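Okay, so here's the structure we're looking at.
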2 protein chains.
Amino acid sequence: MGESSYSKIKVAVIGAGNVATHLARRLSSATDVLQIYSHRLENAVALANEIGVKNCTDDLCKVTPDADIYIISVKDDKIAEVVDLLSRINDSAVWVHTSGSTNRDIFAGKMPHNGVLYPLQTFSKSIAVDVSEVPFFIEASDNSTLELVRRVALMLSEKVYDAGSEVRKQLHLAAVFACNFSNNLWRISDEILHKSNLSIDVLKPLLKVSVEKLQHLSPEEAQTGPAARGDVHIIEKHLEMLSGENREIYRILSDSILNHYHKNERN
Amino acid sequence: MGESSYSKIKVAVIGAGNVATHLARRLSSATDVLQIYSHRLENAVALANEIGVKNCTDDLCKVTPDADIYIISVKDDKIAEVVDLLSRINDSAVWVHTSGSTNRDIFAGKMPHNGVLYPLQTFSKSIAVDVSEVPFFIEASDNSTLELVRRVALMLSEKVYDAGSEVRKQLHLAAVFACNFSNNLWRISDEILHKSNLSIDVLKPLLKVSVEKLQHLSPEEAQTGPAARGDVHIIEKHLEMLSGENREIYRILSDSILNHYHKNERN
C-alpha cells in the first residue's frame, strides 16, 4: 500500500437507503469506508458488498468507533434516535446528517463536532445520478469541522455551497414545490390521459422542452398557457371538465398565474 | 424544376406566432408555402423572409385563393373571426386550425373540408424544437381531408395520432397540469430561493432527474417528498414558512399526495 492510502479519510455510513447508497458508492474510492450500518441487515450487506466494504451491521451498538466522519443518512424522524444512541462512541470525530429539513442543533450536547451535508437531489438506488453535478449544501459547528465536511463534499460534487439551517429549510421547501408537487401534477395529468387511452408518454416531449427552456429563461419568463394569456374562457371550460380536488388544484394554480401576470386587469 | 416540385402541396400559413413559425419552417422544404398572413405585417415579413416565401400580407382580404391547405394558427379567440372572413375564398381546399381547445365545428357552414392539426408542444420562436419528435393530433371532416391532413402531419413529425375534439380537449387539459402548472411551481420555487440569494439554478439537476425518472417509472411510482412519505411533521413546518396563496397551494398539493398515498391512514 502506498502512503496515500494511509491518509484516506475513514468514513462510517449510517444508513443504506437511497441517499446513503449514492454517497457511499461515490466515496468508496476516494475515502476508506469502514462500515455500513442499516437497521435492515440485508440492505447494509447489499451496499457493503457492492462497494467492497467488509464490515456491516444492523446493530447501532456495534457501530465502529474508528471513523473520522460519520454520515448519518436515515429517515428524518430517525435521526434523533441514532444521534442519541451513538452519542458517546467518538467525540473527536465529525458527525453529519444529510437531511434538508433537520436542524444542525439535533447534535447539540451529543456530538461536539457536527455538521450537515445536504445533497439537493432526489435519489433512487436503481437510477444512475451524476453525483458530481448535484449541489451539496454544507454547514458545521466550527471551522475545522467545516473544512473536513467541505473536503468530503468536494469528493462528492463540484458544486458545494455553504448554507445554514435556515437556508437549507428554504431550499427544501423550494424543492418540494419544484419537484414533488410537479410530479403530483404529472400524476394527475397521467390520470386524465388514461381516460382517453393515452398516457403521460405523449406529454414527455412537451415536459422535456418545458425544463430545457429554464436554461434560457426564468420560470417567470417561460410561463405559457391559458392563465398566462389571461384566457378566462378556456379556464372556465377546463374547470367544467374537472371535479373535486383536481378542480380545486386547477383553480388555485390558474389563479396564482392570473394574479401574477394579470393582476391589474383583475382589480 | 423537376416534376416533383409541381406535385408539392401548396400551403398558406395564417399566423406568424410561435406555432405558425415552427410549422412553416419545417414545411418550407417539403411543401410549397405560398403565403404568410399575420395581422402584424412585420411578423409575416420576418417569417416569410426566413423561409424564402415572397408573398406575405396583413390583410385577410388578400389571402391567396390558390392553396391546397390553409393552416390557421392564430390565437384561440381569433379563430372564429378568421374562419368567418375567409369562408368564401376556397371551398375545395382543406382548412385546419392548430388549437388544442377549439372544436372542429368552428368550421361548420364555412369551410366544407376542414380538420385539426394540433401539435402537443410549447413553442417559442427563439428556442429550437425538434418538431419531428412532437406528437401531432389530427382529425378531419371526411376521409380524403383526413388523408391530406395526415400527409402534412407526417411531413412535420413521426408521431401522428388520430384524436377527436373530445380527446384533444383532455390532452390540452392534461398539458396545462403537466407543463403550465409545473412552470408556475418553478416560479414560486424561484421566488422562495431568491430570499436566500439563490435561484432555481440550484434545483436544475433535481428537476432534470425528476423528468428523466419518468422514462422508467410512472409519475405515481416516482413520487417522493414529505407528503409521499406521510411526514405530516415536515408538512406542518413548511406551512408555517408560507403565507397567502402559496400556503394554500402547498396545502392542497400536499393533501392531494396524502390522499393518494395515505388515504387509509387518513380515514
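Labeling convention for the C-alpha cells: chains A, B, ... as they appear, residues from 1 per chain, ligands from 1 in order of appearance.
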Residue set, region 86-193 of chain A restricted to alpha helix (DSSP H), as a PyMOL selection string: chain A and resi 143-156+165-175+182-193
Would you mind exporting the chosen residues as an mmCIF file, in the first residue's frame, restricted to N, CA and C atoms?
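Below is the file that was written, selection.cif:
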```cif
data_model
loop_
_atom_site.group_PDB
_atom_site.id
_atom_site.type_symbol
_atom_site.label_atom_id
_atom_site.label_comp_id
_atom_site.auth_asym_id
_atom_site.auth_seq_id
_atom_site.Cartn_x
_atom_site.Cartn_y
_atom_site.Cartn_z
ATOM 1 N N ASN A 143 -14.802 25.733 12.493
ATOM 2 C CA ASN A 143 -14.063 25.839 11.230
ATOM 3 C C ASN A 143 -13.369 24.557 10.810
ATOM 4 N N SER A 144 -12.731 23.853 11.771
ATOM 5 C CA SER A 144 -12.002 22.656 11.341
ATOM 6 C C SER A 144 -12.980 21.563 10.914
ATOM 7 N N THR A 145 -14.142 21.524 11.581
ATOM 8 C CA THR A 145 -15.182 20.568 11.161
ATOM 9 C C THR A 145 -15.677 20.923 9.760
ATOM 10 N N LEU A 146 -15.911 22.232 9.551
ATOM 11 C CA LEU A 146 -16.386 22.664 8.233
ATOM 12 C C LEU A 146 -15.402 22.274 7.141
ATOM 13 N N GLU A 147 -14.100 22.377 7.452
ATOM 14 C CA GLU A 147 -13.107 22.031 6.436
ATOM 15 C C GLU A 147 -13.172 20.544 6.067
ATOM 16 N N LEU A 148 -13.353 19.681 7.081
ATOM 17 C CA LEU A 148 -13.461 18.251 6.775
ATOM 18 C C LEU A 148 -14.744 17.960 5.982
ATOM 19 N N VAL A 149 -15.851 18.604 6.402
ATOM 20 C CA VAL A 149 -17.118 18.399 5.677
ATOM 21 C C VAL A 149 -16.957 18.872 4.235
ATOM 22 N N ARG A 150 -16.280 20.012 4.048
ATOM 23 C CA ARG A 150 -16.074 20.533 2.699
ATOM 24 C C ARG A 150 -15.216 19.575 1.865
ATOM 25 N N ARG A 151 -14.159 19.010 2.508
ATOM 26 C CA ARG A 151 -13.283 18.071 1.784
ATOM 27 C C ARG A 151 -14.085 16.877 1.267
ATOM 28 N N VAL A 152 -14.924 16.340 2.144
ATOM 29 C CA VAL A 152 -15.755 15.194 1.748
ATOM 30 C C VAL A 152 -16.759 15.626 0.676
ATOM 31 N N ALA A 153 -17.382 16.788 0.870
ATOM 32 C CA ALA A 153 -18.371 17.280 -0.107
ATOM 33 C C ALA A 153 -17.744 17.433 -1.489
ATOM 34 N N LEU A 154 -16.485 17.930 -1.503
ATOM 35 C CA LEU A 154 -15.810 18.155 -2.791
ATOM 36 C C LEU A 154 -15.363 16.844 -3.445
ATOM 37 N N MET A 155 -15.264 15.781 -2.654
ATOM 38 C CA MET A 155 -15.043 14.454 -3.250
ATOM 39 C C MET A 155 -16.309 13.964 -3.941
ATOM 40 N N LEU A 156 -17.442 14.459 -3.463
ATOM 41 C CA LEU A 156 -18.732 14.017 -3.991
ATOM 42 C C LEU A 156 -19.166 14.840 -5.198
ATOM 43 N N SER A 165 -28.864 26.312 8.550
ATOM 44 C CA SER A 165 -30.111 25.548 8.627
ATOM 45 C C SER A 165 -31.295 26.308 8.032
ATOM 46 N N GLU A 166 -31.315 27.636 8.196
ATOM 47 C CA GLU A 166 -32.447 28.411 7.673
ATOM 48 C C GLU A 166 -32.502 28.357 6.150
ATOM 49 N N VAL A 167 -31.341 28.554 5.529
ATOM 50 C CA VAL A 167 -31.287 28.493 4.063
ATOM 51 C C VAL A 167 -31.660 27.088 3.585
ATOM 52 N N ARG A 168 -31.155 26.091 4.321
ATOM 53 C CA ARG A 168 -31.438 24.712 3.921
ATOM 54 C C ARG A 168 -32.930 24.400 3.984
ATOM 55 N N LYS A 169 -33.583 24.950 4.966
ATOM 56 C CA LYS A 169 -35.038 24.750 5.056
ATOM 57 C C LYS A 169 -35.760 25.377 3.860
ATOM 58 N N GLN A 170 -35.303 26.582 3.486
ATOM 59 C CA GLN A 170 -35.927 27.240 2.325
ATOM 60 C C GLN A 170 -35.672 26.434 1.052
ATOM 61 N N LEU A 171 -34.451 25.897 0.950
ATOM 62 C CA LEU A 171 -34.104 25.059 -0.197
ATOM 63 C C LEU A 171 -35.019 23.842 -0.286
ATOM 64 N N HIS A 172 -35.211 23.211 0.865
ATOM 65 C CA HIS A 172 -36.050 22.012 0.866
ATOM 66 C C HIS A 172 -37.480 22.368 0.473
ATOM 67 N N LEU A 173 -37.975 23.476 1.014
ATOM 68 C CA LEU A 173 -39.323 23.930 0.666
ATOM 69 C C LEU A 173 -39.421 24.205 -0.837
ATOM 70 N N ALA A 174 -38.410 24.892 -1.362
ATOM 71 C CA ALA A 174 -38.402 25.209 -2.805
ATOM 72 C C ALA A 174 -38.366 23.932 -3.638
ATOM 73 N N ALA A 175 -37.617 22.939 -3.160
ATOM 74 C CA ALA A 175 -37.521 21.669 -3.895
ATOM 75 C C ALA A 175 -38.844 20.913 -3.872
ATOM 76 N N SER A 182 -44.613 19.138 -8.697
ATOM 77 C CA SER A 182 -44.695 18.949 -10.153
ATOM 78 C C SER A 182 -45.001 17.502 -10.472
ATOM 79 N N ASN A 183 -44.318 16.590 -9.779
ATOM 80 C CA ASN A 183 -44.565 15.173 -10.049
ATOM 81 C C ASN A 183 -46.020 14.809 -9.772
ATOM 82 N N ASN A 184 -46.589 15.423 -8.730
ATOM 83 C CA ASN A 184 -48.003 15.161 -8.443
ATOM 84 C C ASN A 184 -48.893 15.658 -9.587
ATOM 85 N N LEU A 185 -48.521 16.798 -10.177
ATOM 86 C CA LEU A 185 -49.280 17.296 -11.333
ATOM 87 C C LEU A 185 -49.140 16.341 -12.517
ATOM 88 N N TRP A 186 -47.961 15.736 -12.664
ATOM 89 C CA TRP A 186 -47.771 14.767 -13.751
ATOM 90 C C TRP A 186 -48.638 13.535 -13.508
ATOM 91 N N ARG A 187 -48.807 13.160 -12.242
ATOM 92 C CA ARG A 187 -49.687 12.021 -11.933
ATOM 93 C C ARG A 187 -51.133 12.358 -12.294
ATOM 94 N N ILE A 188 -51.585 13.551 -11.959
ATOM 95 C CA ILE A 188 -52.952 13.964 -12.305
ATOM 96 C C ILE A 188 -53.113 13.983 -13.826
ATOM 97 N N SER A 189 -52.114 14.517 -14.492
ATOM 98 C CA SER A 189 -52.111 14.579 -15.956
ATOM 99 C C SER A 189 -52.209 13.176 -16.555
ATOM 100 N N ASP A 190 -51.439 12.257 -16.009
ATOM 101 C CA ASP A 190 -51.447 10.861 -16.458
ATOM 102 C C ASP A 190 -52.844 10.242 -16.266
ATOM 103 N N GLU A 191 -53.466 10.535 -15.130
ATOM 104 C CA GLU A 191 -54.831 10.059 -14.860
ATOM 105 C C GLU A 191 -55.813 10.566 -15.916
ATOM 106 N N ILE A 192 -55.730 11.863 -16.218
ATOM 107 C CA ILE A 192 -56.631 12.461 -17.217
ATOM 108 C C ILE A 192 -56.427 11.770 -18.570
ATOM 109 N N LEU A 193 -55.167 11.540 -18.935
ATOM 110 C CA LEU A 193 -54.872 10.945 -20.249
ATOM 111 C C LEU A 193 -55.333 9.489 -20.329
#
```
Nearby residues (only C-alpha atoms) at most 8 Å from Val11 (chain A), same-chain spacing under 2 positions excluded, as a PyMOL selection string: chain A and resi 9+13+31-35+67-71
Would you output that residue set with N, CA, C and O atoms, as a PDB file, in the first residue's frame?
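In the end it all went to out_2.pdb:
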```pdb
ATOM      1  N   ILE A   9      -9.478   9.540   4.326  1.00  0.00           N
ATOM      2  CA  ILE A   9     -10.449   9.804   5.384  1.00  0.00           C
ATOM      3  C   ILE A   9     -11.236   8.522   5.655  1.00  0.00           C
ATOM      4  O   ILE A   9     -11.676   7.849   4.722  1.00  0.00           O
ATOM      5  N   VAL A  13     -20.811   4.909   7.283  1.00  0.00           N
ATOM      6  CA  VAL A  13     -22.079   5.316   6.679  1.00  0.00           C
ATOM      7  C   VAL A  13     -23.223   4.707   7.489  1.00  0.00           C
ATOM      8  O   VAL A  13     -23.368   3.482   7.557  1.00  0.00           O
ATOM      9  N   THR A  31     -12.276   7.638  -0.344  1.00  0.00           N
ATOM     10  CA  THR A  31     -12.112   7.536   1.107  1.00  0.00           C
ATOM     11  C   THR A  31     -12.027   6.061   1.492  1.00  0.00           C
ATOM     12  O   THR A  31     -12.168   5.179   0.656  1.00  0.00           O
ATOM     13  N   ASP A  32     -11.833   5.831   2.778  1.00  0.00           N
ATOM     14  CA  ASP A  32     -11.815   4.472   3.305  1.00  0.00           C
ATOM     15  C   ASP A  32     -13.132   4.253   4.055  1.00  0.00           C
ATOM     16  O   ASP A  32     -13.281   4.715   5.186  1.00  0.00           O
ATOM     17  N   VAL A  33     -14.088   3.621   3.378  1.00  0.00           N
ATOM     18  CA  VAL A  33     -15.377   3.376   4.037  1.00  0.00           C
ATOM     19  C   VAL A  33     -15.218   2.165   4.951  1.00  0.00           C
ATOM     20  O   VAL A  33     -15.033   1.043   4.492  1.00  0.00           O
ATOM     21  N   LEU A  34     -15.275   2.410   6.263  1.00  0.00           N
ATOM     22  CA  LEU A  34     -15.014   1.356   7.251  1.00  0.00           C
ATOM     23  C   LEU A  34     -16.211   0.432   7.441  1.00  0.00           C
ATOM     24  O   LEU A  34     -16.055  -0.761   7.687  1.00  0.00           O
ATOM     25  N   GLN A  35     -17.404   1.004   7.373  1.00  0.00           N
ATOM     26  CA  GLN A  35     -18.580   0.254   7.805  1.00  0.00           C
ATOM     27  C   GLN A  35     -19.862   0.846   7.215  1.00  0.00           C
ATOM     28  O   GLN A  35     -19.957   2.054   7.014  1.00  0.00           O
ATOM     29  N   ALA A  67     -14.008   5.861  12.957  1.00  0.00           N
ATOM     30  CA  ALA A  67     -14.142   6.709  11.765  1.00  0.00           C
ATOM     31  C   ALA A  67     -13.708   8.149  12.049  1.00  0.00           C
ATOM     32  O   ALA A  67     -13.735   8.615  13.187  1.00  0.00           O
ATOM     33  N   ASP A  68     -13.274   8.832  10.979  1.00  0.00           N
ATOM     34  CA  ASP A  68     -13.036  10.280  11.067  1.00  0.00           C
ATOM     35  C   ASP A  68     -14.341  11.051  10.907  1.00  0.00           C
ATOM     36  O   ASP A  68     -14.521  12.131  11.450  1.00  0.00           O
ATOM     37  N   ILE A  69     -15.232  10.492  10.080  1.00  0.00           N
ATOM     38  CA  ILE A  69     -16.513  11.163   9.840  1.00  0.00           C
ATOM     39  C   ILE A  69     -17.614  10.113   9.742  1.00  0.00           C
ATOM     40  O   ILE A  69     -17.435   9.058   9.109  1.00  0.00           O
ATOM     41  N   TYR A  70     -18.716  10.413  10.423  1.00  0.00           N
ATOM     42  CA  TYR A  70     -19.906   9.551  10.408  1.00  0.00           C
ATOM     43  C   TYR A  70     -20.977  10.274   9.603  1.00  0.00           C
ATOM     44  O   TYR A  70     -21.331  11.417   9.927  1.00  0.00           O
ATOM     45  N   ILE A  71     -21.458   9.595   8.551  1.00  0.00           N
ATOM     46  CA  ILE A  71     -22.507  10.198   7.724  1.00  0.00           C
ATOM     47  C   ILE A  71     -23.824   9.516   8.064  1.00  0.00           C
ATOM     48  O   ILE A  71     -24.038   8.351   7.742  1.00  0.00           O
TER      49      ILE A  71
END
```
For chain B, the nearest of the candidates A:Ala30, A:Ala222, A:Cys61, A:Ile89, counting only C-alpha atoms: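 Among the listed residues, A:Ala222 lies closest to chain B.
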Nearest residue to chain B from the set A:Ala93, A:Leu258, A:Leu117, A:Ile234 (distances using only C-alpha atoms):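 For chain B, the nearest of the candidates is A:Ile234.
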d(CA of Gly52 (chain B), CA of Ser73 (chain B)) in Å: 19.2 Å
Test item: residues at most 9 Å from Val209 (chain A), only C-alpha atoms, excluding those fewer than 4 positions along its chain, as JSON, numbers by chain: {"A": [204, 205, 213, 214], "B": [121, 122, 123, 129]}
With all heavy atoms kept, could you save the residues just selected as a CSV table (one decimal), in the first residue's frame?
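Resulting contents of out.csv:
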```csv
chain,number,residue,atom,x,y,z
A,204,LYS,N,-44.3,13.8,-22.9
A,204,LYS,CA,-42.9,13.8,-22.5
A,204,LYS,C,-42.1,14.8,-23.3
A,204,LYS,O,-41.2,15.5,-22.8
A,204,LYS,CB,-42.3,12.4,-22.5
A,204,LYS,CG,-42.6,11.7,-21.2
A,204,LYS,CD,-42.1,10.3,-21.3
A,204,LYS,CE,-42.7,9.5,-20.1
A,204,LYS,NZ,-42.4,8.1,-20.2
A,205,PRO,N,-42.3,14.9,-24.7
A,205,PRO,CA,-41.5,15.9,-25.4
A,205,PRO,C,-41.8,17.4,-24.9
A,205,PRO,O,-40.9,18.2,-24.8
A,205,PRO,CB,-42.0,15.8,-26.8
A,205,PRO,CG,-42.6,14.4,-26.9
A,205,PRO,CD,-43.2,14.1,-25.5
A,213,LYS,N,-36.3,24.9,-21.4
A,213,LYS,CA,-36.5,26.3,-21.5
A,213,LYS,C,-35.8,27.1,-20.4
A,213,LYS,O,-35.4,28.3,-20.5
A,213,LYS,CB,-38.0,26.7,-21.5
A,213,LYS,CG,-38.6,26.7,-22.9
A,213,LYS,CD,-40.1,26.6,-22.8
A,213,LYS,CE,-40.7,28.0,-22.6
A,213,LYS,NZ,-42.2,27.9,-22.6
A,214,LEU,N,-35.8,26.5,-19.2
A,214,LEU,CA,-35.2,27.1,-18.0
A,214,LEU,C,-33.7,27.4,-18.1
A,214,LEU,O,-33.2,28.1,-17.3
A,214,LEU,CB,-35.5,26.3,-16.7
A,214,LEU,CG,-37.0,26.1,-16.4
A,214,LEU,CD1,-37.1,25.4,-15.1
A,214,LEU,CD2,-37.8,27.4,-16.4
B,121,GLN,N,-47.0,20.7,-28.0
B,121,GLN,CA,-45.7,21.2,-27.6
B,121,GLN,C,-45.8,22.6,-27.3
B,121,GLN,O,-46.7,23.3,-27.8
B,121,GLN,CB,-44.7,20.9,-28.8
B,121,GLN,CG,-43.3,21.4,-28.5
B,121,GLN,CD,-42.7,20.7,-27.3
B,121,GLN,OE1,-42.9,21.1,-26.2
B,121,GLN,NE2,-41.8,19.7,-27.5
B,122,THR,N,-44.9,23.1,-26.5
B,122,THR,CA,-44.9,24.6,-26.2
B,122,THR,C,-43.8,25.1,-27.1
B,122,THR,O,-42.7,24.6,-27.1
B,122,THR,CB,-44.7,24.8,-24.7
B,122,THR,OG1,-44.5,26.3,-24.5
B,122,THR,CG2,-43.5,24.1,-24.1
B,123,PHE,N,-44.1,26.2,-27.8
B,123,PHE,CA,-43.1,26.7,-28.8
B,123,PHE,C,-42.7,28.1,-28.4
B,123,PHE,O,-43.6,28.9,-28.0
B,123,PHE,CB,-43.7,26.7,-30.2
B,123,PHE,CG,-44.0,25.4,-30.8
B,123,PHE,CD1,-45.2,24.9,-30.9
B,123,PHE,CD2,-42.9,24.6,-31.3
B,123,PHE,CE1,-45.5,23.6,-31.4
B,123,PHE,CE2,-43.2,23.4,-31.9
B,123,PHE,CZ,-44.4,22.9,-31.9
B,129,VAL,N,-36.8,23.5,-31.4
B,129,VAL,CA,-37.6,22.4,-31.0
B,129,VAL,C,-37.4,21.4,-32.1
B,129,VAL,O,-37.5,21.7,-33.3
B,129,VAL,CB,-39.0,22.7,-30.8
B,129,VAL,CG1,-39.9,21.5,-30.7
B,129,VAL,CG2,-39.2,23.6,-29.6
```
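From CA of Leu86 (chain B) back to CA of Asn114 (chain B), the distance works out to 12.9 Å.
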For Asp130 (chain B), the nearest of the candidates A:Lys208, A:Thr21, A:Arg104, A:Ile257, counting only C-alpha atoms: A:Lys208
Between CA of Ile14 (chain A) and CA of Val63 (chain A), distance in Å (one decimal): 8.4 Å
DSSP strand (DSSP E) residues within region 128-160 of chain A, listed as a PyMOL selection string: chain A and resi 136-140+160
All residues 7 Å or closer to Cys56 (chain B), only C-alpha atoms, same chain fewer than 5 positions away omitted, as an MDAnalysis selection string: chainID B and resid 35:37 44:45 48
Only all heavy atoms, please: the residues just picked out, written as an mmCIF file, in the first residue's frame.
```cif
data_model
loop_
_atom_site.group_PDB
_atom_site.id
_atom_site.type_symbol
_atom_site.label_atom_id
_atom_site.label_comp_id
_atom_site.auth_asym_id
_atom_site.auth_seq_id
_atom_site.Cartn_x
_atom_site.Cartn_y
_atom_site.Cartn_z
ATOM 1 N N GLN B 35 -47.809 31.616 -49.034
ATOM 2 C CA GLN B 35 -48.078 32.909 -48.400
ATOM 3 C C GLN B 35 -48.069 32.786 -46.876
ATOM 4 O O GLN B 35 -48.444 31.749 -46.339
ATOM 5 C CB GLN B 35 -49.472 33.392 -48.835
ATOM 6 C CG GLN B 35 -49.828 34.797 -48.382
ATOM 7 C CD GLN B 35 -51.250 35.173 -48.771
ATOM 8 O OE1 GLN B 35 -52.180 34.392 -48.548
ATOM 9 N NE2 GLN B 35 -51.410 36.355 -49.350
ATOM 10 N N ILE B 36 -47.622 33.877 -46.244
ATOM 11 C CA ILE B 36 -47.745 34.003 -44.792
ATOM 12 C C ILE B 36 -48.648 35.203 -44.503
ATOM 13 O O ILE B 36 -48.371 36.307 -44.989
ATOM 14 C CB ILE B 36 -46.377 34.263 -44.109
ATOM 15 C CG1 ILE B 36 -45.307 33.265 -44.540
ATOM 16 C CG2 ILE B 36 -46.535 34.310 -42.580
ATOM 17 C CD1 ILE B 36 -45.393 31.891 -43.962
ATOM 18 N N TYR B 37 -49.685 34.968 -43.695
ATOM 19 C CA TYR B 37 -50.501 36.081 -43.216
ATOM 20 C C TYR B 37 -50.214 36.299 -41.736
ATOM 21 O O TYR B 37 -50.087 35.341 -40.969
ATOM 22 C CB TYR B 37 -52.002 35.778 -43.378
ATOM 23 C CG TYR B 37 -52.855 36.645 -42.471
ATOM 24 C CD1 TYR B 37 -53.267 37.911 -42.876
ATOM 25 C CD2 TYR B 37 -53.186 36.223 -41.174
ATOM 26 C CE1 TYR B 37 -54.007 38.722 -42.015
ATOM 27 C CE2 TYR B 37 -53.907 37.033 -40.309
ATOM 28 C CZ TYR B 37 -54.312 38.280 -40.731
ATOM 29 O OH TYR B 37 -55.019 39.095 -39.883
ATOM 30 N N ALA B 44 -45.229 38.747 -40.318
ATOM 31 C CA ALA B 44 -45.393 37.995 -41.569
ATOM 32 C C ALA B 44 -44.138 38.120 -42.430
ATOM 33 O O ALA B 44 -43.629 37.133 -42.973
ATOM 34 C CB ALA B 44 -46.618 38.500 -42.330
ATOM 35 N N VAL B 45 -43.614 39.349 -42.515
ATOM 36 C CA VAL B 45 -42.417 39.596 -43.329
ATOM 37 C C VAL B 45 -41.214 38.831 -42.772
ATOM 38 O O VAL B 45 -40.471 38.172 -43.507
ATOM 39 C CB VAL B 45 -42.101 41.112 -43.381
ATOM 40 C CG1 VAL B 45 -40.745 41.364 -44.039
ATOM 41 C CG2 VAL B 45 -43.210 41.857 -44.128
ATOM 42 N N ALA B 48 -41.674 35.091 -43.470
ATOM 43 C CA ALA B 48 -41.593 34.843 -44.913
ATOM 44 C C ALA B 48 -40.149 34.956 -45.395
ATOM 45 O O ALA B 48 -39.649 34.094 -46.137
ATOM 46 C CB ALA B 48 -42.484 35.841 -45.669
#
```
Residues near Val160 (chain A), cut-off 6 Å, only C-alpha atoms, skip fewer than 4 positions along chain, as a ChimeraX atom specification: /A:135-137
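Residues surrounding Arg229 (chain A) within 12 Å are Gln223, Thr224, Gly225, His233, Ile234, Ile235, Ser254, Ile257, Leu258, Asn259, His260, Tyr261, His262 and Glu265 of chain A; Lys75, Asp76, Asp77 and Asn180 of chain B [only C-alpha atoms; sequence separation below 4 positions excluded].
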Selection from above, C-alpha atoms, as a PDB file, in the first residue's frame, can you write it?
```pdb
ATOM      1  CA  GLN A 223     -44.794  30.748 -18.427  1.00  0.00           C
ATOM      2  CA  THR A 224     -47.295  29.841 -21.176  1.00  0.00           C
ATOM      3  CA  GLY A 225     -50.871  28.523 -21.211  1.00  0.00           C
ATOM      4  CA  HIS A 233     -62.871  31.377 -21.387  1.00  0.00           C
ATOM      5  CA  ILE A 234     -60.606  28.306 -21.669  1.00  0.00           C
ATOM      6  CA  ILE A 235     -60.060  28.287 -17.898  1.00  0.00           C
ATOM      7  CA  SER A 254     -54.692  29.268 -12.534  1.00  0.00           C
ATOM      8  CA  ILE A 257     -50.780  32.620 -12.620  1.00  0.00           C
ATOM      9  CA  LEU A 258     -53.558  35.151 -13.298  1.00  0.00           C
ATOM     10  CA  ASN A 259     -52.651  37.065 -10.127  1.00  0.00           C
ATOM     11  CA  HIS A 260     -49.026  37.187 -11.199  1.00  0.00           C
ATOM     12  CA  TYR A 261     -49.457  38.193 -14.851  1.00  0.00           C
ATOM     13  CA  HIS A 262     -52.853  39.926 -14.943  1.00  0.00           C
ATOM     14  CA  GLU A 265     -56.791  43.571 -15.087  1.00  0.00           C
TER      15      GLU A 265
ATOM     16  CA  LYS B  75     -54.807  32.963 -31.013  1.00  0.00           C
ATOM     17  CA  ASP B  76     -57.705  30.712 -29.982  1.00  0.00           C
ATOM     18  CA  ASP B  77     -60.107  33.606 -29.615  1.00  0.00           C
ATOM     19  CA  ASN B 180     -48.109  25.249 -17.389  1.00  0.00           C
TER      20      ASN B 180
END
```
Among the residues B:Glu158, B:Glu236, B:Glu212, B:Glu220, the one that comes closest to chain A [using only C-alpha atoms]: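 Smallest separation from chain A among the options: B:Glu220.
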